[in-house]
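Pasted below: final.cif, mmCIF, C-alpha atoms.
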```cif
data_protein
#
loop_
_atom_site.label_atom_id
_atom_site.label_comp_id
_atom_site.auth_asym_id
_atom_site.auth_seq_id
_atom_site.Cartn_x
_atom_site.Cartn_y
_atom_site.Cartn_z
CA MET A 1 117.57 82.91 107.17
CA LEU A 2 115.55 82.23 104.03
CA SER A 3 112.48 84.42 103.56
CA LEU A 4 109.17 83.24 102.14
CA ALA A 5 106.33 85.65 101.36
CA LEU A 6 102.61 84.94 101.35
CA ALA A 7 101.02 86.72 98.39
CA GLY A 8 97.63 86.78 96.74
CA LYS A 9 94.38 88.68 96.61
CA PRO A 10 92.61 89.79 99.80
CA ASN A 11 90.60 87.21 101.72
CA ALA A 12 92.30 84.18 100.15
CA GLY A 13 93.44 82.96 103.57
CA LYS A 14 97.00 84.33 103.73
CA SER A 15 96.71 85.55 107.31
CA THR A 16 95.21 82.26 108.46
CA PHE A 17 98.08 80.41 106.74
CA TYR A 18 100.56 82.76 108.43
CA GLN A 19 98.97 82.29 111.85
CA ALA A 20 98.94 78.51 111.44
CA ALA A 21 102.54 78.35 110.22
CA THR A 22 104.03 80.72 112.80
CA ARG A 23 101.52 80.51 115.68
CA ALA A 24 101.68 84.31 115.84
CA GLU A 25 98.56 86.30 116.63
CA VAL A 26 97.35 88.37 113.66
CA ASP A 27 94.13 89.97 112.52
CA VAL A 28 92.03 87.54 110.50
CA GLY A 29 88.81 88.79 108.91
CA ASN A 30 86.37 88.12 106.12
CA TYR A 31 86.95 91.44 104.38
CA PRO A 32 89.59 92.95 102.07
CA PHE A 33 92.82 94.40 103.51
CA THR A 34 92.62 92.76 106.91
CA THR A 35 96.42 92.98 106.73
CA ILE A 36 97.80 96.50 106.29
CA ASP A 37 101.39 96.29 107.55
CA ALA A 38 103.36 93.13 106.81
CA ASN A 39 103.38 90.47 109.51
CA ARG A 40 106.80 88.85 109.93
CA GLY A 41 107.46 85.69 111.86
CA VAL A 42 109.34 82.40 111.87
CA THR A 43 108.05 79.15 110.47
CA HIS A 44 109.98 75.96 109.71
CA ALA A 45 110.86 73.67 106.85
CA ARG A 46 110.66 69.99 107.73
CA THR A 47 113.25 67.34 106.95
CA ASP A 48 114.62 64.12 108.43
CA CYS A 49 117.00 64.57 111.35
CA PRO A 50 120.30 62.64 111.18
CA CYS A 51 119.54 61.34 114.68
CA LEU A 52 117.36 58.74 112.95
CA ASP A 53 120.64 57.01 112.08
CA ARG A 54 121.65 56.80 115.76
CA ASP A 55 120.37 54.72 118.64
CA GLU A 56 118.77 57.71 120.37
CA ARG A 57 116.95 60.83 119.21
CA CYS A 58 118.92 64.05 119.53
CA GLY A 59 116.67 65.87 121.99
CA SER A 60 116.81 69.18 120.13
CA GLU A 61 113.72 71.33 120.70
CA ARG A 62 113.39 71.49 116.90
CA CYS A 63 113.46 67.70 116.51
CA ARG A 64 110.29 65.69 117.13
CA ASP A 65 111.19 62.02 117.07
CA GLY A 66 113.39 62.46 114.02
CA LYS A 67 111.28 65.12 112.31
CA ARG A 68 113.59 68.14 112.12
CA TYR A 69 112.20 71.66 111.76
CA VAL A 70 114.56 74.28 110.32
CA PRO A 71 113.75 77.99 110.87
CA VAL A 72 112.59 80.04 107.87
CA GLU A 73 111.24 83.60 107.86
CA LEU A 74 107.64 83.95 106.71
CA PHE A 75 105.87 87.21 106.04
CA ASP A 76 102.32 88.04 105.10
CA VAL A 77 101.70 91.27 103.18
CA ALA A 78 98.63 93.23 102.19
CA GLY A 79 96.31 91.62 99.65
CA LEU A 80 96.87 92.27 95.96
CA VAL A 81 94.11 93.66 93.73
CA PRO A 82 94.08 94.11 89.93
CA GLY A 83 96.22 97.11 88.99
CA ALA A 84 98.45 96.86 92.07
CA HIS A 85 101.51 97.70 89.93
CA GLU A 86 99.82 101.04 89.23
CA GLY A 87 99.33 101.65 92.95
CA LYS A 88 95.74 100.44 93.26
CA GLY A 89 94.69 99.12 96.65
CA LEU A 90 97.87 98.78 98.71
CA GLY A 91 99.78 97.69 95.61
CA ASN A 92 103.00 99.69 95.86
CA GLN A 93 103.43 98.78 99.52
CA PHE A 94 102.66 95.13 98.75
CA LEU A 95 105.15 94.90 95.90
CA ASP A 96 107.90 96.79 97.75
CA GLU A 97 107.68 94.32 100.63
CA LEU A 98 107.93 91.34 98.29
CA THR A 99 111.44 92.37 97.26
CA ASP A 100 112.75 90.76 100.47
CA ALA A 101 111.39 87.31 99.60
CA ASP A 102 113.48 84.42 98.30
CA ALA A 103 110.32 82.62 97.15
CA ILE A 104 106.60 83.33 97.11
CA LEU A 105 103.66 81.26 98.28
CA ASN A 106 100.79 82.42 96.06
CA VAL A 107 97.70 81.70 98.17
CA VAL A 108 94.60 81.32 96.00
CA ASP A 109 91.01 80.70 97.08
CA ALA A 110 90.47 77.30 95.49
CA SER A 111 86.83 77.35 96.55
CA GLY A 112 85.99 80.18 94.13
CA GLY A 113 84.21 81.91 97.02
CA THR A 114 85.82 85.35 96.57
CA ASN A 115 86.05 87.55 93.48
CA ALA A 116 89.13 89.26 92.00
CA GLU A 117 89.01 92.00 94.65
CA GLY A 118 88.66 89.51 97.51
CA GLU A 119 84.98 90.18 98.14
CA PRO A 120 82.87 87.16 99.22
CA VAL A 121 80.75 85.53 96.52
CA GLU A 122 78.95 82.19 96.37
CA VAL A 123 81.38 79.26 96.50
CA GLY A 124 82.22 78.01 93.03
CA THR A 125 81.16 81.16 91.18
CA TYR A 126 84.65 82.64 90.68
CA ASP A 127 87.35 80.82 88.71
CA PRO A 128 90.45 80.35 90.93
CA VAL A 129 92.60 79.62 87.87
CA GLU A 130 92.42 83.38 87.22
CA GLU A 131 94.55 83.83 90.36
CA VAL A 132 97.37 81.50 89.31
CA ASP A 133 99.24 84.02 87.12
CA PHE A 134 97.89 87.08 88.94
CA VAL A 135 100.79 87.70 91.35
CA GLU A 136 103.44 87.02 88.73
CA ARG A 137 101.74 89.35 86.26
CA GLU A 138 101.51 92.22 88.74
CA MET A 139 105.13 91.75 89.85
CA ASP A 140 106.35 91.58 86.25
CA GLN A 141 104.55 94.80 85.34
CA TRP A 142 105.75 96.52 88.51
CA LEU A 143 109.38 95.56 87.86
CA ALA A 144 109.06 96.55 84.20
CA GLY A 145 107.93 99.97 85.39
CA ILE A 146 111.03 100.28 87.57
CA VAL A 147 113.25 99.32 84.63
CA ASP A 148 111.47 101.85 82.39
CA ARG A 149 111.89 104.68 84.90
CA ASN A 150 115.61 104.00 85.23
CA TRP A 151 116.38 103.31 81.57
CA GLU A 152 117.41 106.86 80.72
CA GLY A 153 120.28 106.45 83.18
CA VAL A 154 121.29 103.17 81.51
CA GLU A 155 121.38 104.94 78.14
CA ARG A 156 123.58 107.72 79.52
CA LYS A 157 126.03 105.23 81.03
CA SER A 158 126.16 103.29 77.73
CA ARG A 159 128.11 106.17 76.19
CA SER A 160 131.04 105.45 78.52
CA PRO A 161 133.88 103.43 76.94
CA ASP A 162 133.95 101.01 79.88
CA PHE A 163 130.17 100.42 79.87
CA ASP A 164 129.16 96.95 81.09
CA ILE A 165 125.44 96.26 80.74
CA ASP A 166 125.55 93.35 83.23
CA GLU A 167 127.08 95.61 85.86
CA VAL A 168 124.71 98.53 85.24
CA LEU A 169 121.58 96.38 85.25
CA THR A 170 122.75 94.53 88.36
CA ASP A 171 123.12 97.86 90.16
CA MET A 172 119.57 98.74 89.10
CA LEU A 173 118.02 95.41 90.08
CA THR A 174 119.90 94.66 93.29
CA GLY A 175 117.06 96.12 95.34
CA PHE A 176 114.77 93.46 93.87
CA GLY A 177 117.08 90.70 95.07
CA ALA A 178 118.91 90.11 91.77
CA THR A 179 122.55 89.04 91.82
CA VAL A 180 125.20 89.39 89.13
CA ALA A 181 124.49 85.78 88.15
CA ASP A 182 120.74 86.45 87.96
CA VAL A 183 121.18 89.39 85.61
CA ALA A 184 123.80 87.62 83.49
CA GLY A 185 121.58 84.53 83.21
CA SER A 186 118.56 86.65 82.30
CA LEU A 187 120.45 88.43 79.54
CA ARG A 188 121.73 85.12 78.15
CA ALA A 189 118.13 83.94 77.91
CA LEU A 190 117.03 87.02 75.94
CA ASP A 191 117.56 88.36 72.43
CA TYR A 192 118.24 92.10 72.67
CA PRO A 193 120.18 94.93 70.96
CA GLU A 194 123.69 95.62 72.24
CA ASP A 195 122.92 99.34 72.38
CA PRO A 196 120.47 100.13 75.24
CA ILE A 197 119.16 103.07 73.21
CA GLN A 198 117.67 100.57 70.75
CA TRP A 199 115.80 98.64 73.45
CA THR A 200 111.99 98.71 73.18
CA ASP A 201 109.32 98.46 75.86
CA GLU A 202 109.02 94.75 75.08
CA HIS A 203 112.77 94.21 75.59
CA ARG A 204 112.50 95.81 79.03
CA ALA A 205 109.33 93.86 79.87
CA ALA A 206 111.04 90.61 78.85
CA LEU A 207 114.00 91.46 81.09
CA ALA A 208 111.64 92.13 84.00
CA ARG A 209 109.84 88.80 83.50
CA GLU A 210 113.08 86.86 83.31
CA VAL A 211 114.63 88.50 86.39
CA ARG A 212 111.44 88.06 88.41
CA ALA A 213 111.24 84.37 87.49
CA ARG A 214 114.85 83.83 88.60
CA THR A 215 114.65 85.81 91.83
CA LYS A 216 111.06 85.18 92.97
CA PRO A 217 110.06 81.57 92.18
CA LEU A 218 106.48 80.78 93.13
CA VAL A 219 104.39 77.87 94.39
CA VAL A 220 100.59 78.00 94.29
CA VAL A 221 98.79 77.18 97.55
CA ALA A 222 95.28 76.04 96.61
CA ASN A 223 93.77 77.10 99.93
CA LYS A 224 90.28 76.27 101.23
CA ALA A 225 90.61 72.82 99.65
CA ASP A 226 88.23 71.56 102.33
CA VAL A 227 85.33 73.44 100.71
CA ALA A 228 86.60 73.68 97.13
CA PRO A 229 84.69 71.92 94.32
CA ALA A 230 86.75 68.96 93.10
CA GLU A 231 86.85 70.35 89.56
CA ASN A 232 88.49 73.53 90.83
CA LEU A 233 91.38 71.59 92.34
CA GLU A 234 91.72 69.48 89.19
CA ARG A 235 91.92 72.57 86.99
CA LEU A 236 94.44 74.22 89.30
CA ARG A 237 96.63 71.13 89.20
CA ALA A 238 96.43 71.18 85.39
CA THR A 239 98.22 74.55 85.23
CA ASP A 240 101.95 74.76 84.58
CA LYS A 241 102.68 75.82 88.19
CA PRO A 242 103.51 73.70 91.24
CA VAL A 243 100.20 73.49 93.14
CA ILE A 244 99.69 72.35 96.75
CA PRO A 245 96.08 71.83 97.94
CA ALA A 246 95.74 73.17 101.48
CA THR A 247 93.42 73.99 104.33
CA ALA A 248 95.03 76.72 106.41
CA GLU A 249 92.04 76.71 108.74
CA GLY A 250 92.48 72.98 109.29
CA GLU A 251 96.17 73.40 110.07
CA LEU A 252 95.43 76.23 112.49
CA ALA A 253 92.81 74.10 114.25
CA LEU A 254 95.24 71.18 114.60
CA ARG A 255 98.06 73.33 115.94
CA THR A 256 95.71 74.98 118.41
CA ALA A 257 94.44 71.57 119.52
CA SER A 258 98.01 70.29 119.79
CA ASP A 259 98.99 73.26 121.97
CA ALA A 260 96.07 72.34 124.22
CA ASP A 261 97.21 68.67 124.34
CA ALA A 262 93.96 67.61 122.70
CA VAL A 263 95.65 65.96 119.70
CA ASP A 264 99.01 64.42 118.93
CA TYR A 265 100.10 66.14 115.73
CA ASP A 266 103.35 67.37 114.21
CA PRO A 267 103.22 69.86 111.30
CA GLY A 268 103.45 67.96 108.03
CA ASP A 269 102.05 64.69 109.38
CA PRO A 270 99.43 63.02 107.17
CA ASP A 271 97.18 62.28 110.16
CA PHE A 272 96.73 62.98 113.89
CA GLU A 273 95.46 61.26 117.02
CA VAL A 274 92.93 62.64 119.47
CA VAL A 275 94.53 62.23 122.91
CA GLY A 276 92.60 64.68 125.09
CA ASP A 277 89.05 65.50 126.05
CA VAL A 278 87.15 67.14 123.21
CA SER A 279 83.49 67.97 122.79
CA ASP A 280 81.29 66.21 120.26
CA ALA A 281 81.36 69.34 118.06
CA GLN A 282 85.17 69.51 118.27
CA ARG A 283 85.51 65.84 117.43
CA GLU A 284 83.23 66.28 114.43
CA GLY A 285 85.32 69.20 113.21
CA LEU A 286 88.54 67.23 113.66
CA GLU A 287 87.12 64.31 111.69
CA ARG A 288 86.29 66.66 108.80
CA ILE A 289 89.91 67.83 108.83
CA ARG A 290 91.06 64.21 108.87
CA GLU A 291 89.04 63.50 105.72
CA VAL A 292 90.71 66.36 103.87
CA MET A 293 94.14 65.24 105.09
CA ALA A 294 93.48 61.70 103.88
CA GLU A 295 92.62 63.02 100.43
CA HIS A 296 95.63 65.34 100.09
CA GLY A 297 98.26 63.72 102.33
CA GLY A 298 98.02 66.42 105.02
CA THR A 299 96.74 69.95 105.45
CA GLY A 300 99.17 71.25 102.80
CA VAL A 301 100.61 74.09 104.90
CA GLN A 302 103.87 72.32 105.73
CA ALA A 303 103.99 70.78 102.25
CA ALA A 304 103.83 74.25 100.67
CA ILE A 305 106.68 75.55 102.84
CA ASP A 306 108.80 72.49 102.11
CA ALA A 307 108.09 72.75 98.37
CA ALA A 308 109.30 76.35 98.38
CA VAL A 309 112.46 75.62 100.34
CA TYR A 310 113.57 72.25 99.00
CA ASP A 311 112.07 72.25 95.49
CA LEU A 312 111.83 75.85 94.28
CA LEU A 313 114.94 77.13 96.07
CA ASP A 314 116.72 73.74 95.86
CA ARG A 315 118.17 73.94 99.37
CA ILE A 316 119.82 71.18 101.38
CA THR A 317 120.02 70.85 105.17
CA VAL A 318 123.47 70.43 106.68
CA PHE A 319 124.17 69.88 110.39
CA PRO A 320 127.42 71.43 111.72
CA VAL A 321 128.98 69.88 114.85
CA GLN A 322 132.16 70.38 116.86
CA ASN A 323 132.61 66.76 117.93
CA GLU A 324 132.49 64.44 114.93
CA THR A 325 132.18 61.31 117.08
CA ARG A 326 129.33 62.34 119.36
CA TRP A 327 127.77 64.80 116.85
CA THR A 328 127.69 67.50 119.52
CA ASP A 329 128.58 71.14 120.00
CA GLY A 330 130.99 72.41 122.66
CA ALA A 331 128.31 72.14 125.35
CA GLY A 332 127.50 68.51 124.54
CA ASN A 333 124.22 69.19 122.73
CA VAL A 334 123.55 66.59 120.02
CA LEU A 335 122.91 68.04 116.54
CA PRO A 336 122.04 71.49 117.88
CA ASP A 337 122.08 73.36 114.57
CA ALA A 338 120.77 72.96 111.04
CA VAL A 339 121.78 75.18 108.13
CA LEU A 340 119.99 75.57 104.80
CA LEU A 341 122.46 75.86 101.91
CA PRO A 342 122.09 75.99 98.11
CA ARG A 343 122.58 72.64 96.43
CA GLY A 344 126.20 72.37 95.35
CA ALA A 345 127.46 74.16 98.46
CA THR A 346 130.88 73.16 99.80
CA PRO A 347 132.44 73.02 103.31
CA PRO A 348 133.77 76.60 103.06
CA ASP A 349 130.22 77.74 102.21
CA LEU A 350 129.00 76.04 105.38
CA ALA A 351 131.79 77.68 107.38
CA TYR A 352 130.76 81.14 106.20
CA ALA A 353 127.10 80.34 106.87
CA ILE A 354 127.97 79.52 110.49
CA HIS A 355 130.00 82.72 110.99
CA THR A 356 132.16 84.98 108.85
CA ASP A 357 135.15 84.49 111.18
CA ILE A 358 134.90 80.71 110.86
CA GLY A 359 134.76 81.04 107.09
CA GLU A 360 137.78 83.33 106.94
CA GLY A 361 139.74 80.99 109.21
CA TYR A 362 138.63 77.80 107.41
CA LEU A 363 141.23 75.00 107.51
CA HIS A 364 139.41 71.79 106.64
CA ALA A 365 136.21 69.78 107.23
CA VAL A 366 135.33 66.31 108.47
CA ASP A 367 132.34 64.21 107.39
CA ALA A 368 131.08 63.00 110.78
CA ARG A 369 129.23 60.03 109.30
CA SER A 370 132.39 58.51 107.82
CA ASP A 371 134.87 60.27 110.14
CA ARG A 372 136.90 61.27 107.07
CA ARG A 373 138.35 64.60 106.04
CA ILE A 374 136.70 66.03 102.92
CA GLY A 375 138.10 68.51 100.41
CA GLU A 376 137.03 72.12 100.21
CA ASP A 377 135.48 71.48 96.78
CA HIS A 378 133.37 68.56 98.07
CA GLU A 379 129.67 69.07 97.35
CA LEU A 380 127.58 68.69 100.48
CA SER A 381 124.35 66.65 100.51
CA GLU A 382 121.03 66.72 102.34
CA GLY A 383 121.47 65.48 105.92
CA ASP A 384 125.28 65.74 106.03
CA VAL A 385 126.81 66.09 109.50
CA ILE A 386 129.98 68.16 109.18
CA LYS A 387 132.74 69.33 111.51
CA ILE A 388 134.44 72.55 110.42
CA VAL A 389 137.98 73.07 111.61
CA SER A 390 138.90 76.77 111.62
CA THR A 391 141.41 79.05 113.28
CA ALA A 392 138.35 80.77 114.75
CA ASN A 393 137.07 77.64 116.55
#
```
Spell out the structure here as structure tokens.
Amino acid sequence: MLSLALAGKPNAGKSTFYQAATRAEVDVGNYPFTTIDANRGVTHARTDCPCLDRDERCGSERCRDGKRYVPVELFDVAGLVPGAHEGKGLGNQFLDELTDADAILNVVDASGGTNAEGEPVEVGTYDPVEEVDFVEREMDQWLAGIVDRNWEGVERKSRSPDFDIDEVLTDMLTGFGATVADVAGSLRALDYPEDPIQWTDEHRAALAREVRARTKPLVVVANKADVAPAENLERLRATDKPVIPATAEGELALRTASDADAVDYDPGDPDFEVVGDVSDAQREGLERIREVMAEHGGTGVQAAIDAAVYDLLDRITVFPVQNETRWTDGAGNVLPDAVLLPRGATPPDLAYAIHTDIGEGYLHAVDARSDRRIGEDHELSEGDVIKIVSTAN
């Protein structure tokens, strides 16, 4: 399962975003370090279900009238304060936990109502643009420190006749989520001495920045958009980062109301319908949320998750079935599973994603839409429905 991490300074709304996206109960408070230990839960990326191309919807519990929700891990870690890479606040714990993430949702307080340490100030008095590069900068400096502390070992190994810098650096950076391809690509992008002994602090810092960018891509969630000055959102959008305006509190209110059958709302919808009895105060609050959704195309919570999964990580959703005619599994369930794969993935990649035994016993695959066998080097696409034939079936 893909893992997304919520990062940012204290009191930016990370825990509210987490609670809205996972419906898990967490501590939410208007003070720094409400979160001490990381909260881990399951949220979902949203895509179109292939059942839209059939006469009837599939009936899966993760499909809502053709809106398919694919499980993704989401975790919320302690707030980050300036100097976290030096251990300030809960910095070391925060940064250690981020190593598990495939992508990061950098939650910023777009309202400018909290300072750099997450302490409440008057709305509009703190510049949220200061937060845009904050997480990246702290992670880069933290990783550079790890590289520095381990560089003496790299220098010792460089004296060996079979020294391979890609291999040695991959061993060092594996704990941060780097692969052989990540390290090799990072080194290709840099200009550095062949002899590690001649590397400078800047060479190591550049390596850290490049590896972090490849292994921890980031989308900015401009939270509290419902109370943010318009100029703040404009300036955030003008940065060189992907920015999604959001109201985590609005999303949480809608999901709570939906659970109570007060509104008809699916995560990611641009609007909702009041279908139950609500008080005048509740209706007024819902209408305020509707205004924000109309301006931004939704609450932004689902949009941020989808941007991380489908844009930053460039994943596709593939639906494995056992019966290529009925699109069912062995029990007759229509489109029961959805798998997120890297773009460019092939049928054997899907087989291994389903189960190692199915991958090892892979024979061939069938495109259920066309009912044709496809080659093992065929690149799968978003929404493909695929039957895997394996000795392990």
Check: Taking the file as shown, what set of residues would the PyMOL selection byres ((chain A and resi 19) around 12) give back, as an MDAnalysis selection string?
Finding: chainID A and resid 6 13:18 20:28 39:43 74:76 248:253 255:256 301
Check: Evaluating the PyMOL selection byres ((chain A and resi 125) around 10) on the displayed file yields which residues, as a VMD selection string?
Finding: chain A and resid 111 to 115 121 to 124 126 to 128
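Remark: for Leu254 of chain A, the closest of the candidate residues A:Ala228, A:Leu236, A:Ala213, A:Met293 is A:Met293 (distances computed over only C-alpha atoms).
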Item checked: Counting only C-alpha atoms, the option among A:Leu313, A:Ala110, A:Ile165, A:Gly153 closest to Ser3 of chain A -> A:Leu313
Check: Which neighbours of Val72 of chain A fall inside 12 Å, counting all atoms listed in the file, when residues of the same chain fewer than 6 positions from it are skipped, and could you give them as a ChimeraX atom specification?
Finding: /A:1-5,21-22,40-46,101-103,302,305-306,308-310,315,338-340
Checklist line | Residues within 12 Å of Asp277 of chain A, only C-alpha atoms, excluding chain neighbours under 2 positions, as a PyMOL selection string | finding: chain A and resi 257-258+260-263+273-275+279-283
Residues as selected, C-alpha atoms, written as an mmCIF file, in the frame of the given file, can you do that?
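Result went into part-v1.cif, see below:
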```cif
data_model
loop_
_atom_site.group_PDB
_atom_site.id
_atom_site.type_symbol
_atom_site.label_atom_id
_atom_site.label_comp_id
_atom_site.auth_asym_id
_atom_site.auth_seq_id
_atom_site.Cartn_x
_atom_site.Cartn_y
_atom_site.Cartn_z
ATOM 1 C CA ALA A 257 94.440 71.570 119.520
ATOM 2 C CA SER A 258 98.010 70.290 119.790
ATOM 3 C CA ALA A 260 96.070 72.340 124.220
ATOM 4 C CA ASP A 261 97.210 68.670 124.340
ATOM 5 C CA ALA A 262 93.960 67.610 122.700
ATOM 6 C CA VAL A 263 95.650 65.960 119.700
ATOM 7 C CA GLU A 273 95.460 61.260 117.020
ATOM 8 C CA VAL A 274 92.930 62.640 119.470
ATOM 9 C CA VAL A 275 94.530 62.230 122.910
ATOM 10 C CA SER A 279 83.490 67.970 122.790
ATOM 11 C CA ASP A 280 81.290 66.210 120.260
ATOM 12 C CA ALA A 281 81.360 69.340 118.060
ATOM 13 C CA GLN A 282 85.170 69.510 118.270
ATOM 14 C CA ARG A 283 85.510 65.840 117.430
#
```
Next item on the list: Specify as a VMD selection string each residue included when the PyMOL selection byres ((chain A and resi 116) around 9) is applied to this file.
Entry: chain A and resid 9 to 10 81 to 82 114 to 115 117 to 119 126 130 to 131
Item checked: Minimum-distance residue to Glu136 of chain A, chosen among A:Glu210, A:Asp371, A:Asp55, A:Glu97 (using all atoms listed in the file) ->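 Counting all atoms listed in the file, the residue closest to Glu136 of chain A is A:Glu210.
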Checklist line | Atomic distance atom CA of Val334 of chain A - atom CA of Ser60 of chain A, expressed in Å with one decimal | finding: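 Pair atom CA of Val334 of chain A / atom CA of Ser60 of chain A returns 7.2 Å.
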Next item on the list: Would you mind listing what lies within 10 Å of Arg209 of chain A as a VMD selection string, with all atoms listed in the file counted and same-chain residues fewer than 2 positions away left out?
Entry: chain A and resid 136 to 137 139 to 141 143 to 144 186 204 to 207 211 to 214
With C-alpha atoms retained, could you export that selection as an mmCIF file, keeping the file's coordinate frame?
```
data_model
loop_
_atom_site.group_PDB
_atom_site.id
_atom_site.type_symbol
_atom_site.label_atom_id
_atom_site.label_comp_id
_atom_site.auth_asym_id
_atom_site.auth_seq_id
_atom_site.Cartn_x
_atom_site.Cartn_y
_atom_site.Cartn_z
ATOM 1 C CA GLU A 136 103.440 87.020 88.730
ATOM 2 C CA ARG A 137 101.740 89.350 86.260
ATOM 3 C CA MET A 139 105.130 91.750 89.850
ATOM 4 C CA ASP A 140 106.350 91.580 86.250
ATOM 5 C CA GLN A 141 104.550 94.800 85.340
ATOM 6 C CA LEU A 143 109.380 95.560 87.860
ATOM 7 C CA ALA A 144 109.060 96.550 84.200
ATOM 8 C CA SER A 186 118.560 86.650 82.300
ATOM 9 C CA ARG A 204 112.500 95.810 79.030
ATOM 10 C CA ALA A 205 109.330 93.860 79.870
ATOM 11 C CA ALA A 206 111.040 90.610 78.850
ATOM 12 C CA LEU A 207 114.000 91.460 81.090
ATOM 13 C CA VAL A 211 114.630 88.500 86.390
ATOM 14 C CA ARG A 212 111.440 88.060 88.410
ATOM 15 C CA ALA A 213 111.240 84.370 87.490
ATOM 16 C CA ARG A 214 114.850 83.830 88.600
#
```
Margin query: Restricting the calculation to all atoms listed in the file: of A:Ala189, A:Val132, A:Ile354, A:Val180, which residue gets closest to Asp240 of chain A?
Written below: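 Closest residue, counting all atoms listed in the file: A:Val132.
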Note to self: Could you tell me how far atom CA of Asn323 of chain A sits from atom CA of Asp377 of chain A, in Å to one decimal place?
What the structure shows: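 Distance between the two atoms: 21.9 Å.
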Check: With only C-alpha atoms as the atoms that count, which of A:Leu286, A:Ala7, A:Val278, A:Val154 lies nearest to Ile197 of chain A?
Finding: A:Val154
Next item on the list: Quick one: pull the distance between atom CA of Leu218 of chain A and atom CA of Arg237 of chain A, Å, one decimal.
Entry: 14.3 Å
Next item on the list: Check the smallest atom-to-atom distance from each of A:Asp329, A:Glu324, A:Leu380, A:Asp201 to Ala345 of chain A using all atoms listed in the file, then report the winner.
Entry: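 Residue with the minimum atom-to-atom distance to Ala345 of chain A: A:Leu380.
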Checklist line | Surrounding residues of Asp357 of chain A excluding itself and chain neighbours under 3 positions, 10 Å, all atoms listed in the file, as a list in words | finding: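 Listed by chain and then number, they are Ala351, Tyr352, Ile354, Glu360, Gly361, Tyr362, Ser390, Thr391, Ala392 and Asn393 of chain A.
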